[in-house]
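Peer 1: First the structure, which I've put down as structure tokens, then a few questions once you've had a look.
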Amino acid sequence: MDDEALCTDVTLRATLDDRAAAPRGDLLVHWFRTATDLLFATGERELSESWALVTESIDGDREVRVRDVRAHWTELADALRPSPFYAAAGFHEPSPGGVGVDDHGRIGGTRTGRGGSHTELSAQVRGAERIADAAWCAHLVDFLATALDGADPAFARIGHLDFQETTDLEAVLKRPHRRSLHESRTLLRGYSWVTGVPAELAARLGGPTALEATGAFHAVRELRAGGLLLQSTETLADYDRPHLEAVFHALAPVLPPGTPDEAPGHPTLRLTFEDASRVRPRTGS
């Protein structure tokens with residue numbers, strides 16, 4: 001198996017704030033449970049080994065560690081429900097020959113922003129050649145919709161080789177992270193293959209019907225508690241520059257203004273170097 005196949009190359013992220021429809025701790029539990037059930041099973045056989053770590057506060061005052069997520073789920077859920085500073089879980093199998101581990105991915109949740117105003121949820125999985133598989137890509141979107149069913153997230157995204165907590169757009173506009181979080185229901189933080197748009201910005205864009213009419217999206221999904229998931233193309237592999245530009249133009253009215261600049265810390269930028277305030281959304285034919 002080559003290095004590319006071993007890489008956890010697909011990242012799913014969502015940002016929660018105090019306007020979420022349910023308590024943030026409950027949403028964190030739901031994210032971890034849904035990811036465990038939907039993302040980290042291999043066929044009929046669950047991955048053989050897993051671990052989790054929960055740190056209660058930024059000072060590291062109290063930690064909870066478990067070696068088997070499924071066997072100790074109640075203990076892990078109890079640690080997640082108070083919405084801790086940091087939480088992570090990993091899933092793997094022993095490598096052939098007993099040397100090292102075969103890493104399949106991780107789940108995360110971190111308090112961020114001033115005073116822990118927001119929670120960043122994440123999941124990293126191994127895509128490799130599956131990013132061209134329509135059924136597997138649909139499964140990723142189904143996971144995100146299920147995991148965010150009780151939330152109106154301030155932002156969400158699914159991307160390939162996108163490992164940074166800050167978005168590419170935040171990086172090229174030099175937008176401070178705290179400011180971007182604070183304004184996330186006023187200005188969209190970025191755009192990706194799948195982009196989660198909060199209810200306030202979805203309304204400004206005209207709602208699902210208007211967004212479908214742009215022709216920029218393969219699917220527009222409404223979340224039960226508010227907000228939309230916008231899927232650009234059927235597969236991640238299909239998300240090329242013309243599709244990226246179509247998404248940009250459709251979302252331009254709610255993107256932050258400014259002329260993008262280079263961002264050395266983001267070597268695989270996936271965006272268009274245009275000022276969103278100078279364009280108008282395109283209408284699909």
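In the structure tokens, the first chain shown is A, the next is B, and so on; residue numbers restart at 1 for each chain, and ligands run from 1 in the order shown.
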Using only C-alpha atoms, determine which residues lie at most 8 Å from Arg224 in chain A, disregarding the query and same-chain residues fewer than 2 positions distant; provide the list as a list in words.
Peer 2: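 Contacts, with the query itself left out: Asp149, Gly150, Ala151, Glu222, Gly226 and Gly227 of chain A.
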Peer 1: Could those selected residues go to a file with N, CA, C and O atoms, as an mmCIF file, in the first residue's frame?
Peer 2:
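Saved file again.cif follows:
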data_model
loop_
_atom_site.group_PDB
_atom_site.id
_atom_site.type_symbol
_atom_site.label_atom_id
_atom_site.label_comp_id
_atom_site.auth_asym_id
_atom_site.auth_seq_id
_atom_site.Cartn_x
_atom_site.Cartn_y
_atom_site.Cartn_z
ATOM 1 N N ASP A 149 -27.519 17.349 12.704
ATOM 2 C CA ASP A 149 -28.972 17.373 12.651
ATOM 3 C C ASP A 149 -29.589 18.259 13.736
ATOM 4 O O ASP A 149 -30.595 18.909 13.512
ATOM 5 N N GLY A 150 -28.982 18.301 14.922
ATOM 6 C CA GLY A 150 -29.527 19.100 16.015
ATOM 7 C C GLY A 150 -28.885 20.459 16.152
ATOM 8 O O GLY A 150 -29.059 21.127 17.163
ATOM 9 N N ALA A 151 -28.120 20.881 15.139
ATOM 10 C CA ALA A 151 -27.389 22.153 15.227
ATOM 11 C C ALA A 151 -27.708 23.025 14.025
ATOM 12 O O ALA A 151 -28.044 22.530 12.949
ATOM 13 N N GLU A 222 -31.124 20.863 3.476
ATOM 14 C CA GLU A 222 -31.522 21.665 4.626
ATOM 15 C C GLU A 222 -31.304 20.869 5.908
ATOM 16 O O GLU A 222 -31.669 19.688 5.992
ATOM 17 N N GLY A 226 -31.725 24.261 11.187
ATOM 18 C CA GLY A 226 -31.356 25.491 10.507
ATOM 19 C C GLY A 226 -30.046 25.377 9.770
ATOM 20 O O GLY A 226 -29.154 24.627 10.169
ATOM 21 N N GLY A 227 -29.931 26.124 8.683
ATOM 22 C CA GLY A 227 -28.720 26.108 7.884
ATOM 23 C C GLY A 227 -28.819 25.132 6.724
ATOM 24 O O GLY A 227 -29.746 24.315 6.631
#
Peer 1: Just want the 10 Å neighbourhood of range 196-209 of chain A, counted on only C-alpha atoms, with same-chain residues fewer than 2 positions away dropped. Output as number ranges by chain.
Peer 2: A: 13-15, 144-145, 148, 151-158, 184-192, 194, 211-214, 219-223, 225-231, 250-255, 281
Peer 1: Among the residues of range 150-192 of chain A, find those DSSP assigns to helix (DSSP H, G or I) from the backbone and print them as a PyMOL selection string.
Peer 2: chain A and resi 168-172+177-182
Peer 1: I need the chosen residues saved as a compact mmCIF listing (two decimals), in the first residue's frame, with C-alpha atoms.
Peer 2:
# COMPACT_ATOMS: atom_id res chain seq x y z
CA ASP A 168 -8.06 29.07 2.81
CA LEU A 169 -10.12 32.25 2.43
CA GLU A 170 -9.30 33.40 5.97
CA ALA A 171 -5.62 32.77 5.23
CA VAL A 172 -5.44 34.73 1.97
CA HIS A 177 -9.34 33.78 13.49
CA ARG A 178 -11.24 35.26 16.43
CA ARG A 179 -12.73 37.97 14.24
CA SER A 180 -13.76 35.43 11.63
CA LEU A 181 -15.46 33.29 14.27
CA HIS A 182 -17.23 36.31 15.76
Peer 1: Name the residues in contact with Phe32 in chain A at a cut-off of 10 Å, using only C-alpha atoms, excluding same-chain residues fewer than 6 positions from it; report them as a list in words.
Peer 2: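 Here the answer would be Val69, Trp73, Leu76, Ala77, Leu80, Ala87, Ala88, Ala89, Arg106, Ile107, Gly108, Gly109, Leu121, Ser122, Ala123 and Ala147 of chain A.
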Peer 1: Please produce a file of the residues just selected, as a CSV table (one decimal), in the first residue's frame, where the atoms kept are C-alpha atoms.
Peer 2:
chain,number,residue,atom,x,y,z
A,69,VAL,CA,-14.1,4.0,22.3
A,73,TRP,CA,-18.6,4.9,25.3
A,76,LEU,CA,-16.4,9.0,27.0
A,77,ALA,CA,-19.8,10.5,26.5
A,80,LEU,CA,-17.8,15.1,26.4
A,87,ALA,CA,-11.3,16.0,22.9
A,88,ALA,CA,-10.0,13.5,20.4
A,89,ALA,CA,-10.4,9.9,19.3
A,106,ARG,CA,-9.5,10.8,14.0
A,107,ILE,CA,-12.4,12.7,15.5
A,108,GLY,CA,-11.9,16.0,17.3
A,109,GLY,CA,-13.6,18.8,19.2
A,121,LEU,CA,-15.6,19.8,15.4
A,122,SER,CA,-13.5,17.7,13.1
A,123,ALA,CA,-13.1,14.3,11.5
A,147,ALA,CA,-24.0,14.7,12.8
Peer 1: CA of Glu93 in chain A to CA of Ser48 in chain A: how many Å, to one decimal?
Peer 2: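 According to the coordinates, CA of Glu93 in chain A and CA of Ser48 in chain A are separated by 5.5 Å.
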Peer 1: Please indicate the distance in Å from CA of Tyr86 in chain A to CA of Thr167 in chain A, rounded to one decimal place.
Peer 2: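 Between CA of Tyr86 in chain A and CA of Thr167 in chain A the gap is 20.0 Å.
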Peer 1: What's the 7 Å shell around range 130-143 of chain A, counting only C-alpha atoms, without same-chain residues fewer than 4 positions away, as a list in words?
Peer 2: Leu38, Ala147, Glu234, Thr235, Leu236 and Ala237 of chain A
Peer 1: Could the residues in this selection be saved with N, CA and C atoms as a PDB file, in the first residue's frame?
Peer 2:
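Final output, saved to out09.pdb:
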ATOM      1  N   LEU A  38     -20.536   5.877  11.760  1.00  0.00           N
ATOM      2  CA  LEU A  38     -20.662   6.013  10.309  1.00  0.00           C
ATOM      3  C   LEU A  38     -19.338   6.097   9.555  1.00  0.00           C
ATOM      4  N   ALA A 147     -24.731  14.231  11.648  1.00  0.00           N
ATOM      5  CA  ALA A 147     -23.988  14.710  12.816  1.00  0.00           C
ATOM      6  C   ALA A 147     -24.388  16.120  13.221  1.00  0.00           C
ATOM      7  N   GLU A 234     -20.745  15.822  -7.493  1.00  0.00           N
ATOM      8  CA  GLU A 234     -21.123  14.516  -6.954  1.00  0.00           C
ATOM      9  C   GLU A 234     -19.989  13.882  -6.173  1.00  0.00           C
ATOM     10  N   THR A 235     -18.745  14.053  -6.644  1.00  0.00           N
ATOM     11  CA  THR A 235     -17.595  13.487  -5.941  1.00  0.00           C
ATOM     12  C   THR A 235     -16.565  14.573  -5.648  1.00  0.00           C
ATOM     13  N   LEU A 236     -15.728  14.281  -4.665  1.00  0.00           N
ATOM     14  CA  LEU A 236     -14.627  15.183  -4.344  1.00  0.00           C
ATOM     15  C   LEU A 236     -13.663  15.316  -5.513  1.00  0.00           C
ATOM     16  N   ALA A 237     -13.438  14.225  -6.227  1.00  0.00           N
ATOM     17  CA  ALA A 237     -12.501  14.252  -7.349  1.00  0.00           C
ATOM     18  C   ALA A 237     -12.974  15.178  -8.464  1.00  0.00           C
TER      19      ALA A 237
END
Peer 1: Expressed in Å to a single decimal, how great is the separation between CA of Thr268 in chain A and CA of His160 in chain A?
Peer 2: 9.4 Å
Peer 1: Need the shell around Pro242 in chain A: protein/DNA/RNA residues with any atom at most 12 Å away, counting only C-alpha atoms. Skip same-chain ones fewer than 2 positions apart. Format as an NGL selection string?
Peer 2: :A and (216-217 or 232-233 or 238-240 or 244-249 or 270-272)
Peer 1: What's the 12 Å shell around Arg67 in chain A, counting only C-alpha atoms, without same-chain residues fewer than 2 positions away, as number ranges by chain?
Peer 2: A: 48-53, 64-65, 69-73, 75-76, 88-92
